[in-house]
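Next comes start18.cif, a file with mmCIF, C-alpha atoms.
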```cif
data_work
loop_
_atom_site.label_atom_id
_atom_site.label_comp_id
_atom_site.auth_asym_id
_atom_site.auth_seq_id
_atom_site.Cartn_x
_atom_site.Cartn_y
_atom_site.Cartn_z
CA MET A 269 0.00 0.00 0.00
CA ARG A 270 1.43 3.38 -0.96
CA ILE A 271 1.88 5.93 1.81
CA ALA A 272 -0.55 8.47 0.32
CA THR A 273 -3.29 5.84 0.00
CA ALA A 274 -2.61 4.56 3.49
CA LEU A 275 -2.89 8.03 4.97
CA LEU A 276 -6.15 8.63 3.12
CA LEU A 277 -7.60 5.39 4.48
CA ALA A 278 -6.44 6.32 7.96
CA LEU A 279 -8.08 9.72 7.78
CA CYS A 280 -11.28 8.02 6.67
CA GLY A 281 -11.08 5.72 9.67
CA LEU A 282 -10.61 2.56 7.59
CA VAL A 283 -7.22 1.70 9.07
CA PRO A 284 -5.49 2.95 12.24
CA LEU A 285 -3.13 5.84 11.62
CA ALA A 286 -0.33 3.92 13.37
CA GLN A 287 -0.56 1.30 10.62
CA ALA A 288 -0.69 3.86 7.83
CA GLN A 289 2.91 4.93 8.30
CA GLU A 290 5.68 2.42 8.83
CA VAL A 291 7.55 3.09 12.05
CA LYS A 292 11.27 2.79 11.41
CA GLY A 293 13.38 1.53 14.26
CA ASN A 294 16.50 3.22 15.57
CA ALA A 295 18.89 0.63 16.98
CA ALA A 296 20.96 3.20 18.88
CA ASN A 297 17.88 4.44 20.68
CA GLY A 298 16.79 0.86 21.34
CA ALA A 299 20.12 0.29 23.10
CA ARG A 300 19.36 3.23 25.38
CA ILE A 301 15.86 2.15 26.38
CA ASN A 302 16.30 -1.58 26.92
CA ASP A 303 17.01 -1.40 30.65
CA THR A 304 13.91 -3.46 31.48
CA CYS A 305 14.69 -6.02 28.77
CA ILE A 306 18.21 -6.84 29.91
CA GLY A 307 16.97 -8.11 33.28
CA CYS A 308 15.89 -11.28 31.46
CA HIS A 309 17.12 -11.20 27.86
CA GLY A 310 20.59 -9.89 28.69
CA ILE A 311 21.53 -12.69 31.10
CA PRO A 312 22.68 -15.95 29.44
CA GLY A 313 20.88 -18.91 30.95
CA TYR A 314 18.27 -16.80 32.74
CA GLN A 315 15.13 -18.77 33.54
CA ALA A 316 11.53 -17.75 33.98
CA SER A 317 9.30 -19.70 36.34
CA PHE A 318 5.86 -19.13 34.80
CA PRO A 319 3.94 -21.11 33.67
CA GLU A 320 6.83 -23.51 34.27
CA VAL A 321 10.58 -23.16 34.57
CA HIS A 322 12.19 -22.42 31.20
CA ARG A 323 14.88 -20.23 29.74
CA VAL A 324 13.67 -16.93 28.36
CA PRO A 325 14.04 -16.79 24.58
CA ALA A 326 17.20 -15.68 22.84
CA ILE A 327 16.23 -12.58 20.83
CA ALA A 328 19.56 -11.08 19.71
CA GLY A 329 19.74 -11.60 15.94
CA GLN A 330 16.01 -12.29 15.67
CA ASN A 331 13.96 -10.74 12.85
CA PRO A 332 13.01 -7.19 13.90
CA GLN A 333 9.54 -7.57 12.42
CA TYR A 334 8.98 -10.64 14.57
CA ILE A 335 10.19 -8.90 17.74
CA ALA A 336 7.82 -6.03 17.01
CA ALA A 337 4.95 -8.41 16.24
CA ALA A 338 5.54 -10.32 19.48
CA LEU A 339 5.63 -7.15 21.59
CA ASN A 340 2.46 -5.93 19.96
CA ALA A 341 0.79 -9.28 20.66
CA TYR A 342 1.72 -8.98 24.34
CA ARG A 343 0.51 -5.38 24.36
CA LYS A 344 -2.86 -6.39 22.92
CA GLY A 345 -3.22 -9.41 25.21
CA GLU A 346 -3.02 -11.88 22.33
CA ARG A 347 -0.08 -13.39 24.18
CA LYS A 348 -0.89 -13.89 27.84
CA GLN A 349 2.12 -13.48 30.07
CA GLY A 350 1.88 -11.02 32.92
CA SER A 351 5.38 -9.57 32.94
CA MET A 352 5.62 -9.21 29.18
CA ARG A 353 2.10 -7.76 28.99
CA ALA A 354 3.03 -5.07 31.52
CA ILE A 355 6.32 -4.24 29.82
CA ALA A 356 4.89 -4.16 26.31
CA GLY A 357 1.95 -2.09 27.53
CA SER A 358 4.36 0.62 28.65
CA LEU A 359 5.92 0.91 25.18
CA GLY A 360 4.86 3.13 22.32
CA ASP A 361 5.07 2.14 18.67
CA GLN A 362 8.42 3.92 18.26
CA ASP A 363 9.84 2.24 21.38
CA ILE A 364 8.88 -1.17 20.03
CA ALA A 365 10.45 -0.42 16.65
CA ASP A 366 13.64 0.84 18.29
CA LEU A 367 13.99 -2.20 20.58
CA ALA A 368 13.34 -4.55 17.67
CA ALA A 369 16.02 -2.81 15.59
CA PHE A 370 18.52 -3.00 18.45
CA TYR A 371 18.09 -6.68 19.19
CA ALA A 372 18.07 -7.60 15.50
CA THR A 373 21.53 -6.04 15.08
CA GLN A 374 22.97 -7.14 18.43
CA TYR A 375 24.14 -10.52 17.17
CA GLN A 376 25.53 -11.75 13.87
CA PRO A 377 25.49 -15.53 13.36
CA GLN A 378 28.70 -17.33 12.56
CA ALA A 379 29.39 -18.44 9.01
CA GLY A 380 28.17 -21.88 8.13
CA GLY A 381 24.61 -21.51 9.32
CA ASP A 382 23.37 -22.39 5.84
CA ALA A 383 25.02 -25.80 5.95
CA ALA A 384 22.81 -28.85 5.60
CA LEU A 385 20.92 -29.72 8.74
CA PRO A 386 21.61 -32.93 10.61
CA PRO A 387 18.73 -35.21 9.69
CA PRO A 388 16.14 -35.58 12.42
CA PRO A 389 15.21 -39.04 13.67
CA PRO A 390 12.52 -40.53 11.42
CA ALA A 391 9.80 -40.03 14.03
CA VAL A 392 10.69 -36.34 14.38
CA ALA A 393 10.91 -35.88 10.61
CA GLU A 394 7.38 -37.19 10.35
CA LEU A 395 6.19 -34.69 12.96
CA LEU A 396 7.94 -31.77 11.25
CA ASN A 397 6.39 -32.71 7.93
CA LYS A 398 2.97 -33.10 9.49
CA GLY A 399 3.25 -29.65 11.03
CA ALA A 400 4.67 -28.15 7.81
CA CYS A 401 7.18 -26.32 10.00
CA ALA A 402 9.67 -25.53 7.22
CA SER A 403 6.94 -24.13 4.98
CA CYS A 404 6.69 -21.10 7.28
CA HIS A 405 10.00 -21.02 9.14
CA GLY A 406 12.01 -21.64 6.00
CA ALA A 407 15.33 -23.21 5.14
CA ASN A 408 17.20 -24.49 8.18
CA TYR A 409 14.29 -23.10 10.22
CA SER A 410 16.11 -19.75 10.21
CA LYS A 411 14.81 -18.23 6.96
CA PRO A 412 11.10 -17.58 7.58
CA ILE A 413 8.95 -16.90 4.54
CA ASP A 414 7.56 -13.83 6.32
CA ALA A 415 9.74 -11.49 8.36
CA SER A 416 7.13 -11.38 11.11
CA TYR A 417 7.72 -15.10 11.73
CA PRO A 418 10.58 -16.10 14.06
CA LYS A 419 13.83 -17.87 13.45
CA ILE A 420 13.46 -21.01 15.56
CA ALA A 421 16.59 -23.07 14.83
CA GLY A 422 18.78 -23.21 17.91
CA GLN A 423 16.23 -21.45 20.08
CA TYR A 424 16.15 -22.83 23.62
CA ALA A 425 14.24 -26.09 23.50
CA ASP A 426 12.53 -25.59 26.86
CA TYR A 427 11.24 -22.18 25.72
CA LEU A 428 10.04 -23.62 22.39
CA TYR A 429 8.17 -26.35 24.24
CA VAL A 430 6.40 -23.86 26.54
CA ALA A 431 5.58 -21.58 23.60
CA LEU A 432 4.16 -24.41 21.50
CA LYS A 433 1.97 -25.58 24.35
CA ALA A 434 0.70 -22.03 24.84
CA TYR A 435 -0.88 -22.13 21.38
CA LYS A 436 -2.94 -25.14 22.52
CA THR A 437 -4.22 -23.37 25.64
CA GLU A 438 -7.75 -22.01 25.52
CA GLY A 439 -9.95 -20.25 28.08
CA ASN A 440 -7.07 -19.40 30.41
CA ALA A 441 -6.85 -15.78 31.56
CA VAL A 442 -3.10 -15.83 32.21
CA VAL A 443 -1.61 -18.39 29.79
CA GLY A 444 -2.00 -18.81 26.05
CA ARG A 445 -1.31 -17.40 22.61
CA SER A 446 -4.06 -16.59 20.14
CA ASN A 447 -2.51 -17.22 16.74
CA PRO A 448 -4.92 -19.27 14.62
CA ILE A 449 -2.26 -20.63 12.27
CA MET A 450 -0.01 -21.89 15.04
CA ALA A 451 -2.96 -23.13 17.08
CA ALA A 452 -4.17 -25.26 14.18
CA GLN A 453 -0.72 -26.79 13.77
CA VAL A 454 0.13 -27.59 17.38
CA LYS A 455 -3.28 -29.03 18.23
CA GLN A 456 -2.41 -31.97 15.99
CA PHE A 457 0.26 -33.05 18.47
CA SER A 458 0.49 -34.41 21.97
CA ASN A 459 2.74 -32.59 24.43
CA LYS A 460 5.21 -35.46 24.14
CA GLU A 461 5.39 -34.89 20.38
CA LEU A 462 5.80 -31.15 20.88
CA ARG A 463 8.73 -31.90 23.17
CA LEU A 464 10.38 -33.99 20.45
CA ILE A 465 9.94 -31.16 17.93
CA ALA A 466 11.29 -28.56 20.37
CA ASP A 467 14.30 -30.69 21.29
CA TYR A 468 15.27 -31.19 17.66
CA LEU A 469 14.85 -27.53 16.69
CA GLY A 470 16.80 -26.48 19.76
CA SER A 471 19.71 -28.71 18.73
CA LEU A 472 20.25 -26.90 15.42
CA THR A 473 22.81 -24.20 14.66
CA PRO A 474 21.27 -20.94 15.88
CA GLU A 475 21.05 -17.54 14.25
CA VAL A 476 19.81 -16.07 17.53
CA ALA A 477 21.60 -15.71 20.84
CA THR A 478 21.51 -14.26 24.31
CA VAL A 479 24.15 -11.54 24.50
CA ALA A 480 25.24 -10.58 28.00
CA GLN A 481 24.57 -6.95 28.86
CA SER A 482 25.82 -5.04 31.86
CA PRO A 483 23.21 -3.43 34.11
CA PHE A 484 25.70 -0.63 34.80
CA ARG A 485 25.73 2.08 32.14
#
```
Structure rendered as structure tokens:
Amino acid sequence: MRIATALLLALCGLVPLAQAQEVKGNAANGARINDTCIGCHGIPGYQASFPEVHRVPAIAGQNPQYIAAALNAYRKGERKQGSMRAIAGSLGDQDIADLAAFYATQYQPQAGGDAALPPPPPAVAELLNKGACASCHGANYSKPIDASYPKIAGQYADYLYVALKAYKTEGNAVVGRSNPIMAAQVKQFSNKELRLIADYLGSLTPEVATVAQSPFR
């Protein structure tokens, strides 16, 4: 959609004005405002305890569009997690864009990430094919077909498992994710099968990382 057309639609009330103009992120500003983020995402190995103990996701090197989409989902309540809801709710559109830009540029994967993947066990390969995981998350599970989808190769397996289960959760006021595409996929699987998928994806060469950040600035 061209900018002039988008603005016209916004003025007519057909789309929100915030969506009519693309908000461009400033990584340098994101580095200045991420004090709340580093308490979890800037500590390698840091674990959350809700809804069960798991490492918080590695987001350095993640697609900026995905980071922004995730923060917006928390802000809207489409992702139900109390701490993230509160943090995202305190952010404006420019803040979200700036943080996304910062974390996207904070880590550069090592060369060789495009090498052939180690083949999954046959049972896991069957699950991945059934879920059509590569059709959205792309080659090596790090080249999503849409920039608002995450890189998942090498992401912490315990986090992936908790996230996948969240898409199955319904009618819970404090846990769950309301993404109809992901919900349709994960509801095909038992939790045991989701664990197998998460463990395999977590074993792959990552393009995301947790980069240690000092709380003293």
Inset, instruction - List the residues matched by the PyMOL selection byres ((chain A and resi 335-337) around 7) in the displayed structure as a list in words, ordered by chain and then by residue number. - result: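 What the PyMOL selection byres ((chain A and resi 335-337) around 7) grabs from the file is Asn331, Pro332, Gln333, Tyr334, Ala338, Leu339, Asn340, Ala341, Ile364, Ala365, Ala368 and Ser416 of chain A.
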So that I can check the surroundings of Ala393 (chain A), please list as a compact mmCIF listing (two decimals) with C-alpha atoms, keeping the file's coordinate frame every protein, DNA and RNA residue that reaches within 12 Å of it, counting all atoms listed in the file and ignoring chain neighbours fewer than 4 positions away.
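And here is the file that came out, result-v4.txt:
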```txt
# COMPACT_ATOMS: atom_id res chain seq x y z
CA LEU A 385 20.92 -29.72 8.74
CA PRO A 386 21.61 -32.93 10.61
CA PRO A 387 18.73 -35.21 9.69
CA PRO A 388 16.14 -35.58 12.42
CA PRO A 389 15.21 -39.04 13.67
CA ASN A 397 6.39 -32.71 7.93
CA LYS A 398 2.97 -33.10 9.49
CA GLY A 399 3.25 -29.65 11.03
CA ALA A 400 4.67 -28.15 7.81
CA CYS A 401 7.18 -26.32 10.00
CA ALA A 402 9.67 -25.53 7.22
CA GLU A 461 5.39 -34.89 20.38
CA LEU A 464 10.38 -33.99 20.45
CA ILE A 465 9.94 -31.16 17.93
CA TYR A 468 15.27 -31.19 17.66
CA LEU A 469 14.85 -27.53 16.69
```
Inset, instruction - Within 10 Å of Arg300 (chain A), counting only C-alpha atoms, which residues show up once you throw out same-chain ones fewer than 5 positions away? Write them as number ranges by chain, please. - result: A: 295, 366-367, 370, 485
Legend entry - Distance in Å - CA of Asn440 (chain A) versus CA of Leu359 (chain A): 24.7 Å
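Minimum atom-to-atom distance to Gly422 (chain A), evaluated using all atoms listed in the file, belongs to A:Ile327 out of A:Val443, A:Ala434, A:Ile327, A:Ile355.
The space separating CA of Val476 (chain A) from CA of Lys411 (chain A) comes to 11.9 Å.
Here CA of Asn294 (chain A) and CA of Asp363 (chain A) stand 8.9 Å from one another.
Comparing the minimum interatomic distances between Tyr375 (chain A) and each of A:Leu395, A:Ala326, A:Val291, A:Ala415, counting all atoms listed in the file, we find that A:Ala326 sits nearest.
Candidate residues A:Phe318, A:Tyr342, A:Tyr427, A:Tyr417 were compared for distance to Leu462 (chain A), and the nearest is A:Tyr427, using all atoms listed in the file.
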Inset, instruction - To verify the selection step, state as number ranges by chain which residues the PyMOL selection byres ((chain A and resi 479) around 10) yields on this input. - result: A: 306, 309-312, 326-329, 371, 374-375, 476-478, 480-482
Legend entry - For Arg463 (chain A), the nearest of the candidates A:Ala354, A:Leu396, A:Val442, A:Met450, counting all atoms listed in the file: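 Ranking A:Ala354, A:Leu396, A:Val442, A:Met450 by distance to Arg463 (chain A), first place goes to A:Leu396.
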